[in-house]
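*Asks:* The structure follows.
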Amino acid sequence: MADDDAGVREPLTELLRLNSYRVIAVQNGEQAFEAACSQPVDLVLLDVRMPGPTGFSVCRAIKARPETRFLPVVFITGLACSEDRILGIEAGADDFLNKPVKQEELLARVSSLVRLKRSTDELENGETVLCTLARSIEAKDPYTEGHCDRLSRSAVSLGEKIGMPREVCNDLRRSGIVHDIGKVAVPEFVLLKPGSLDAAERKIMEVHTIVGERICAPLKSFRSLLPVIRSHHEKQDGSGYPDHLKGEEIPLTARILQTVDIYDSLTTDRPYREALSPQKALEIMREETLRGWWDANLVSALEGMLAESPQTLSAANV
Ligand SMILES: [Fe+2]
């Protein structure tokens with residue numbers, strides 16, 4: 001907790017310690033930021049006006065770091081300062097406590113926010129495990145190195161290009177990493193085979209969509225990614241897998257990821273051919289679209305995006 005006024009800081013620290021919390025009490029914004037970043041902390045209590053950086057800038061800095069962005073921040077502010085509340089919300093505050101702080105209110109808020117922080121930690125751990133697994137599968141194949149991160153970025157760019165809301169773009173970002181996680185069940189002689197797969201091997205490879213969905217299904221926060229994981233190999237004419245969906249039956253997020261996935265695989269080196277130029281890749285994708293495979297609107301949007309900024313999807317742009 002950070003407050004330059006010892007008359008506020010000391011009693012609150014004492015109360016929290018009496019209730020079995022470990023408290024780091026500091027007197028200015030700089031020390032508060034340092035404490036929040038240098039050790040595991042479950043909650044930050046911040047005064048608004050302190051010597052050095054204000055509580056608002058400390059809060060903004062905490063929320064800007066990926067490692068601390070889910071760390072709850074509570075402002076201790078005067079009841080009459082409605083302007084402070086607005087600024088605090090803009091800075092990313094999770095809650096406010098009015099001065100003078102009531103004991104029961106402080107303990108209730110602290111307890112619920114600490115509980116929330118711990119469940120976010122568990123959630124993050126689950127996501128981290130799955131993302132690490134996805135990257136370890138990618139690492140098996142030198143030809144697909146960097147593929148997941150690139151797909152993540154390009155799927156978001158295409159999503160933004162066609163006006164998808166922020167949550168959908170966030171799903172696209174995570175799908176880029178985990179969409180092929182089911183390849184963990186595909187034996188290496190199939191996964192790493194340099195040439196094209198025979199019918200039996202293709203059947204084995206196709207299972208990765210269903211296995212991937214099964215691996216991610218227990219994680220609540222991955223629910224919205226399941227349609228991408230399951231359906232990113234479907235084709236417009238129903239000749240894809242695993243469900244032979246057609247046209248708009250194929251979830252839009254799966255079609256977006258699929259569009260950038262195909263472009264990426266055409267424009268990177270494979271064991272059986274060198275990377276194709278963007279022009280050649282688009283030409284092939286247009287032909288395959290006419291054949292009834294890909295979403296024509298998305299392929300056009302991709303072309304538009306590449307025309308505007310050719311570097312967006314380049315393999316070098318990792
Ligand atoms: Fe796949």
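Here's how to read the names in the structure tokens: chain A, B, ... by the order shown, residue numbers from 1 in each chain, ligand numbers from 1 in the order shown.
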Can you list, as a list in words, every protein, DNA or RNA residue that comes within 10 Å of Lys102 in chain A when you count only C-alpha atoms, leaving out same-chain residues fewer than 5 positions away?
*Replies:*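 Selected residues are Leu12, Leu97 and Leu107 of chain A.
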*Asks:* For ligand 1, return the neighbouring residues as a short mmCIF file (atom, residue, chain, number, x, y, z; two decimals) with all heavy atoms, in the first residue's frame (distance at most 10 Å; only C-alpha atoms and all ligand atoms).
*Replies:*
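The resulting file, out_0.cif, is shown below:
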data_model
loop_
_atom_site.label_atom_id
_atom_site.label_comp_id
_atom_site.auth_asym_id
_atom_site.auth_seq_id
_atom_site.Cartn_x
_atom_site.Cartn_y
_atom_site.Cartn_z
N VAL A 178 -2.73 -21.66 -30.46
CA VAL A 178 -3.14 -23.02 -30.04
C VAL A 178 -3.94 -23.83 -31.07
O VAL A 178 -4.28 -24.98 -30.81
CB VAL A 178 -3.95 -22.99 -28.71
CG1 VAL A 178 -3.12 -22.44 -27.58
CG2 VAL A 178 -5.25 -22.24 -28.87
N HIS A 179 -4.22 -23.27 -32.26
CA HIS A 179 -5.15 -23.96 -33.17
C HIS A 179 -4.68 -25.37 -33.56
O HIS A 179 -5.49 -26.24 -33.80
CB HIS A 179 -5.41 -23.12 -34.43
CG HIS A 179 -4.22 -23.01 -35.32
ND1 HIS A 179 -3.13 -22.23 -34.99
CD2 HIS A 179 -3.92 -23.59 -36.50
CE1 HIS A 179 -2.23 -22.35 -35.95
NE2 HIS A 179 -2.68 -23.16 -36.87
N ASP A 180 -3.36 -25.60 -33.60
CA ASP A 180 -2.85 -26.91 -34.01
C ASP A 180 -2.38 -27.75 -32.83
O ASP A 180 -1.61 -28.70 -33.01
CB ASP A 180 -1.69 -26.73 -35.00
CG ASP A 180 -2.20 -26.65 -36.44
OD1 ASP A 180 -3.36 -27.04 -36.69
OD2 ASP A 180 -1.43 -26.19 -37.30
N ILE A 181 -2.84 -27.42 -31.62
CA ILE A 181 -2.35 -28.11 -30.42
C ILE A 181 -2.63 -29.62 -30.49
O ILE A 181 -1.89 -30.42 -29.93
CB ILE A 181 -2.98 -27.47 -29.15
CG1 ILE A 181 -2.17 -27.83 -27.92
CG2 ILE A 181 -4.44 -27.81 -28.99
CD1 ILE A 181 -2.50 -27.01 -26.70
N GLY A 182 -3.68 -30.01 -31.22
CA GLY A 182 -4.03 -31.42 -31.34
C GLY A 182 -2.98 -32.24 -32.08
O GLY A 182 -3.02 -33.47 -32.06
N LYS A 183 -2.00 -31.55 -32.71
CA LYS A 183 -0.93 -32.28 -33.40
C LYS A 183 -0.07 -33.06 -32.42
O LYS A 183 0.75 -33.88 -32.83
CB LYS A 183 -0.09 -31.32 -34.24
CG LYS A 183 -0.80 -30.90 -35.51
CD LYS A 183 0.09 -30.08 -36.41
CE LYS A 183 -0.64 -29.73 -37.70
NZ LYS A 183 0.11 -28.74 -38.49
N MET A 205 -3.58 -37.35 -39.57
CA MET A 205 -3.35 -35.91 -39.43
C MET A 205 -4.65 -35.15 -39.13
O MET A 205 -4.69 -34.24 -38.32
CB MET A 205 -2.71 -35.39 -40.73
CG MET A 205 -2.39 -33.92 -40.69
SD MET A 205 -1.21 -33.53 -39.39
CE MET A 205 0.19 -33.04 -40.36
N GLU A 206 -5.72 -35.57 -39.76
CA GLU A 206 -7.00 -34.85 -39.62
C GLU A 206 -7.55 -34.88 -38.19
O GLU A 206 -8.32 -34.01 -37.80
CB GLU A 206 -8.03 -35.45 -40.60
CG GLU A 206 -7.70 -35.10 -42.04
CD GLU A 206 -8.67 -35.68 -43.05
OE1 GLU A 206 -9.68 -36.30 -42.62
OE2 GLU A 206 -8.43 -35.51 -44.25
N VAL A 207 -7.11 -35.89 -37.45
CA VAL A 207 -7.60 -36.03 -36.07
C VAL A 207 -7.17 -34.84 -35.20
O VAL A 207 -7.76 -34.56 -34.18
CB VAL A 207 -7.08 -37.38 -35.49
CG1 VAL A 207 -7.30 -37.47 -34.01
CG2 VAL A 207 -7.73 -38.52 -36.22
N HIS A 208 -6.14 -34.07 -35.65
CA HIS A 208 -5.63 -33.00 -34.78
C HIS A 208 -6.68 -31.94 -34.45
O HIS A 208 -6.62 -31.31 -33.42
CB HIS A 208 -4.35 -32.37 -35.35
CG HIS A 208 -4.56 -31.32 -36.39
ND1 HIS A 208 -4.69 -31.59 -37.72
CD2 HIS A 208 -4.65 -29.97 -36.29
CE1 HIS A 208 -4.84 -30.46 -38.40
NE2 HIS A 208 -4.82 -29.46 -37.55
N THR A 209 -7.68 -31.80 -35.31
CA THR A 209 -8.71 -30.79 -35.03
C THR A 209 -9.59 -31.22 -33.85
O THR A 209 -9.91 -30.40 -32.98
CB THR A 209 -9.60 -30.59 -36.28
OG1 THR A 209 -10.02 -31.88 -36.74
CG2 THR A 209 -8.84 -29.89 -37.38
N GLY A 212 -7.44 -31.42 -30.57
CA GLY A 212 -7.17 -30.06 -30.10
C GLY A 212 -8.36 -29.50 -29.34
O GLY A 212 -8.23 -28.90 -28.27
N VAL A 228 -12.54 -22.41 -33.70
CA VAL A 228 -11.39 -22.24 -34.59
C VAL A 228 -10.56 -23.52 -34.61
O VAL A 228 -10.14 -24.01 -35.67
CB VAL A 228 -10.48 -21.07 -34.13
CG1 VAL A 228 -9.40 -20.80 -35.16
CG2 VAL A 228 -11.29 -19.83 -33.84
N ILE A 229 -10.34 -24.07 -33.41
CA ILE A 229 -9.51 -25.27 -33.31
C ILE A 229 -10.15 -26.43 -34.10
O ILE A 229 -9.47 -27.12 -34.85
CB ILE A 229 -9.31 -25.65 -31.82
CG1 ILE A 229 -8.55 -24.52 -31.11
CG2 ILE A 229 -8.57 -26.97 -31.68
CD1 ILE A 229 -8.49 -24.64 -29.60
N ARG A 230 -11.45 -26.56 -33.97
CA ARG A 230 -12.13 -27.69 -34.63
C ARG A 230 -12.29 -27.47 -36.14
O ARG A 230 -12.17 -28.39 -36.93
CB ARG A 230 -13.51 -27.92 -34.00
CG ARG A 230 -14.15 -29.18 -34.52
CD ARG A 230 -15.47 -29.50 -33.87
NE ARG A 230 -16.02 -30.71 -34.47
CZ ARG A 230 -15.95 -31.92 -33.93
NH1 ARG A 230 -15.38 -32.10 -32.78
NH2 ARG A 230 -16.48 -32.96 -34.55
N SER A 231 -12.57 -26.23 -36.54
CA SER A 231 -13.05 -26.03 -37.93
C SER A 231 -12.09 -25.31 -38.87
O SER A 231 -12.50 -24.91 -39.95
CB SER A 231 -14.38 -25.25 -37.88
OG SER A 231 -15.30 -25.90 -37.06
N HIS A 232 -10.80 -25.18 -38.49
CA HIS A 232 -9.93 -24.39 -39.36
C HIS A 232 -9.48 -25.13 -40.62
O HIS A 232 -8.77 -24.57 -41.45
CB HIS A 232 -8.73 -23.82 -38.58
CG HIS A 232 -7.73 -24.83 -38.12
ND1 HIS A 232 -7.88 -25.55 -36.96
CD2 HIS A 232 -6.55 -25.25 -38.64
CE1 HIS A 232 -6.85 -26.36 -36.79
NE2 HIS A 232 -6.03 -26.20 -37.82
N HIS A 233 -9.91 -26.40 -40.79
CA HIS A 233 -9.59 -27.11 -42.04
C HIS A 233 -10.84 -27.42 -42.86
O HIS A 233 -10.81 -28.25 -43.77
CB HIS A 233 -8.82 -28.40 -41.75
CG HIS A 233 -7.40 -28.15 -41.33
ND1 HIS A 233 -6.43 -27.73 -42.20
CD2 HIS A 233 -6.80 -28.21 -40.11
CE1 HIS A 233 -5.28 -27.57 -41.54
NE2 HIS A 233 -5.48 -27.85 -40.27
N LEU A 257 -8.73 -17.41 -39.54
CA LEU A 257 -7.44 -18.04 -39.24
C LEU A 257 -6.97 -18.88 -40.42
O LEU A 257 -5.80 -18.87 -40.80
CB LEU A 257 -7.54 -18.92 -37.99
CG LEU A 257 -6.16 -19.42 -37.61
CD1 LEU A 257 -5.50 -18.46 -36.64
CD2 LEU A 257 -6.18 -20.80 -37.05
N GLN A 258 -7.92 -19.59 -41.04
CA GLN A 258 -7.58 -20.45 -42.17
C GLN A 258 -6.98 -19.62 -43.33
O GLN A 258 -6.00 -20.02 -43.93
CB GLN A 258 -8.89 -21.11 -42.61
CG GLN A 258 -8.91 -21.73 -43.94
CD GLN A 258 -10.32 -22.21 -44.23
OE1 GLN A 258 -11.17 -21.45 -44.66
NE2 GLN A 258 -10.57 -23.48 -43.98
N ASP A 261 -3.52 -18.69 -42.48
CA ASP A 261 -2.74 -19.93 -42.34
C ASP A 261 -2.29 -20.41 -43.72
O ASP A 261 -1.12 -20.75 -43.93
CB ASP A 261 -3.63 -20.99 -41.65
CG ASP A 261 -2.83 -22.19 -41.18
OD1 ASP A 261 -1.59 -22.14 -41.23
OD2 ASP A 261 -3.46 -23.18 -40.75
#
*Asks:* Within 12 Å of range 32-42 of chain A, which residues of range 53-90 of chain A show up? Give each one with its shortest atom-to-atom distance in Å (one decimal) and the two atoms involved, counting only C-alpha atoms, rows by chain then rising residue number, as JSON lines.
*Replies:*
{"residue": "A:Pro53", "atom": "CA", "partner": "A:Phe33", "partner_atom": "CA", "distance": 9.5}
{"residue": "A:Thr54", "atom": "CA", "partner": "A:Ala32", "partner_atom": "CA", "distance": 10.3}
{"residue": "A:Gly55", "atom": "CA", "partner": "A:Ala32", "partner_atom": "CA", "distance": 8.9}
{"residue": "A:Phe56", "atom": "CA", "partner": "A:Phe33", "partner_atom": "CA", "distance": 11.2}
{"residue": "A:Ser57", "atom": "CA", "partner": "A:Phe33", "partner_atom": "CA", "distance": 9.5}
{"residue": "A:Val58", "atom": "CA", "partner": "A:Phe33", "partner_atom": "CA", "distance": 6.0}
{"residue": "A:Cys59", "atom": "CA", "partner": "A:Phe33", "partner_atom": "CA", "distance": 8.3}
{"residue": "A:Arg60", "atom": "CA", "partner": "A:Phe33", "partner_atom": "CA", "distance": 10.1}
{"residue": "A:Ala61", "atom": "CA", "partner": "A:Phe33", "partner_atom": "CA", "distance": 7.7}
{"residue": "A:Ile62", "atom": "CA", "partner": "A:Phe33", "partner_atom": "CA", "distance": 7.0}
{"residue": "A:Lys63", "atom": "CA", "partner": "A:Phe33", "partner_atom": "CA", "distance": 10.8}
{"residue": "A:Ala64", "atom": "CA", "partner": "A:Cys37", "partner_atom": "CA", "distance": 11.6}
{"residue": "A:Arg65", "atom": "CA", "partner": "A:Cys37", "partner_atom": "CA", "distance": 9.0}
{"residue": "A:Pro66", "atom": "CA", "partner": "A:Cys37", "partner_atom": "CA", "distance": 10.8}
{"residue": "A:Glu67", "atom": "CA", "partner": "A:Cys37", "partner_atom": "CA", "distance": 8.2}
{"residue": "A:Thr68", "atom": "CA", "partner": "A:Cys37", "partner_atom": "CA", "distance": 7.2}
{"residue": "A:Arg69", "atom": "CA", "partner": "A:Cys37", "partner_atom": "CA", "distance": 10.6}
{"residue": "A:Phe70", "atom": "CA", "partner": "A:Asp42", "partner_atom": "CA", "distance": 9.4}
{"residue": "A:Leu71", "atom": "CA", "partner": "A:Asp42", "partner_atom": "CA", "distance": 6.3}
{"residue": "A:Pro72", "atom": "CA", "partner": "A:Asp42", "partner_atom": "CA", "distance": 7.2}
{"residue": "A:Val73", "atom": "CA", "partner": "A:Asp42", "partner_atom": "CA", "distance": 9.3}
{"residue": "A:Val74", "atom": "CA", "partner": "A:Asp42", "partner_atom": "CA", "distance": 11.4}
*Asks:* Could you pull the residues within 12 Å of Leu276 in chain A, counting only C-alpha atoms, minus those fewer than 3 positions along the same chain, as a list in words?
*Replies:*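 Listing them by chain and then by number gives Ile262, Tyr263, Asp264, Ser265, Leu266, Thr267, Thr268, Asp269, Arg270, Tyr272, Arg273, Gln279, Lys280, Ala281, Leu282, Glu283, Ile284, Met285, Ser314 and Ala315 of chain A.
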*Asks:* Rank nothing, just name the residue among A:Val190, A:Leu158, A:Val101, A:Ile177 nearest to Leu252 in chain A, using only C-alpha atoms.
*Replies:* A:Leu158
*Asks:* Please list as a list in words every residue within 9 Å of range 160-166 of chain A, counting only C-alpha atoms and excluding residues in the same chain fewer than 2 positions away.
*Replies:*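 After dropping sequence-adjacent residues, the list is Ala155, Val156, Ser157, Leu158, Val168, Cys169, Asn170, Asp171, Leu298, Ala301, Leu302, Gly304 and Met305 of chain A.
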*Asks:* Give the strand (DSSP E) residues of range 37-251 of chain A, as DSSP finds them on the backbone, and put them as number ranges by chain.
*Replies:* A: 44-47, 73-78, 95-99
*Asks:* Could you save those same residues with N, CA, C and O atoms as an mmCIF file, in the first residue's frame?
*Replies:*
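Result went into out_33.cif, see below:
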data_model
loop_
_atom_site.group_PDB
_atom_site.id
_atom_site.type_symbol
_atom_site.label_atom_id
_atom_site.label_comp_id
_atom_site.auth_asym_id
_atom_site.auth_seq_id
_atom_site.Cartn_x
_atom_site.Cartn_y
_atom_site.Cartn_z
ATOM 1 N N VAL A 44 -2.820 -3.895 -4.948
ATOM 2 C CA VAL A 44 -2.130 -2.624 -4.698
ATOM 3 C C VAL A 44 -3.153 -1.606 -4.199
ATOM 4 O O VAL A 44 -4.187 -1.390 -4.839
ATOM 5 N N LEU A 45 -2.871 -1.005 -3.048
ATOM 6 C CA LEU A 45 -3.717 0.079 -2.526
ATOM 7 C C LEU A 45 -2.956 1.375 -2.740
ATOM 8 O O LEU A 45 -1.809 1.504 -2.284
ATOM 9 N N LEU A 46 -3.568 2.324 -3.446
ATOM 10 C CA LEU A 46 -2.828 3.528 -3.835
ATOM 11 C C LEU A 46 -3.532 4.805 -3.428
ATOM 12 O O LEU A 46 -4.731 4.968 -3.687
ATOM 13 N N ASP A 47 -2.775 5.699 -2.835
ATOM 14 C CA ASP A 47 -3.254 7.058 -2.631
ATOM 15 C C ASP A 47 -3.185 7.753 -3.992
ATOM 16 O O ASP A 47 -2.385 7.369 -4.852
ATOM 17 N N VAL A 73 -5.847 -2.981 -8.613
ATOM 18 C CA VAL A 73 -5.399 -1.711 -8.024
ATOM 19 C C VAL A 73 -6.612 -0.994 -7.437
ATOM 20 O O VAL A 73 -7.625 -0.816 -8.116
ATOM 21 N N VAL A 74 -6.507 -0.618 -6.168
ATOM 22 C CA VAL A 74 -7.592 0.099 -5.491
ATOM 23 C C VAL A 74 -7.087 1.482 -5.100
ATOM 24 O O VAL A 74 -6.005 1.603 -4.517
ATOM 25 N N PHE A 75 -7.869 2.508 -5.440
ATOM 26 C CA PHE A 75 -7.489 3.871 -5.045
ATOM 27 C C PHE A 75 -8.164 4.256 -3.737
ATOM 28 O O PHE A 75 -9.343 3.959 -3.532
ATOM 29 N N ILE A 76 -7.377 4.908 -2.879
ATOM 30 C CA ILE A 76 -7.950 5.457 -1.642
ATOM 31 C C ILE A 76 -8.117 6.939 -1.908
ATOM 32 O O ILE A 76 -7.134 7.656 -2.142
ATOM 33 N N THR A 77 -9.354 7.385 -1.958
ATOM 34 C CA THR A 77 -9.605 8.757 -2.404
ATOM 35 C C THR A 77 -10.673 9.446 -1.552
ATOM 36 O O THR A 77 -11.472 8.777 -0.895
ATOM 37 N N GLY A 78 -10.678 10.793 -1.579
ATOM 38 C CA GLY A 78 -11.689 11.552 -0.858
ATOM 39 C C GLY A 78 -13.059 11.336 -1.496
ATOM 40 O O GLY A 78 -13.156 11.216 -2.716
ATOM 41 N N ASP A 95 -11.016 -0.676 -8.208
ATOM 42 C CA ASP A 95 -11.976 -0.305 -7.170
ATOM 43 C C ASP A 95 -11.516 0.974 -6.472
ATOM 44 O O ASP A 95 -10.384 1.436 -6.685
ATOM 45 N N PHE A 96 -12.405 1.537 -5.624
ATOM 46 C CA PHE A 96 -12.085 2.754 -4.866
ATOM 47 C C PHE A 96 -12.501 2.571 -3.417
ATOM 48 O O PHE A 96 -13.487 1.892 -3.141
ATOM 49 N N LEU A 97 -11.736 3.183 -2.542
ATOM 50 C CA LEU A 97 -12.131 3.226 -1.132
ATOM 51 C C LEU A 97 -12.157 4.687 -0.721
ATOM 52 O O LEU A 97 -11.248 5.447 -1.068
ATOM 53 N N ASN A 98 -13.212 5.074 -0.003
ATOM 54 C CA ASN A 98 -13.314 6.480 0.396
ATOM 55 C C ASN A 98 -12.592 6.737 1.702
ATOM 56 O O ASN A 98 -12.605 5.903 2.603
ATOM 57 N N LYS A 99 -11.964 7.931 1.762
ATOM 58 C CA LYS A 99 -11.365 8.365 3.025
ATOM 59 C C LYS A 99 -12.439 9.057 3.848
ATOM 60 O O LYS A 99 -13.228 9.823 3.263
#
*Asks:* Given only C-alpha atoms as the basis, pick out the residue of A:Ser309, A:Ser119, A:Thr144, A:Thr253 nearest to Leu172 in chain A.
*Replies:*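 Closest to Leu172 in chain A of all the choices is A:Thr253.
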*Asks:* Which residue is closest to Arg118 in chain A? Choose from A:Leu226, A:Leu43, A:Leu197, A:Ile210 and count only C-alpha atoms.
*Replies:*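 Once distances to Arg118 in chain A are computed over only C-alpha atoms, the minimum belongs to A:Leu43.
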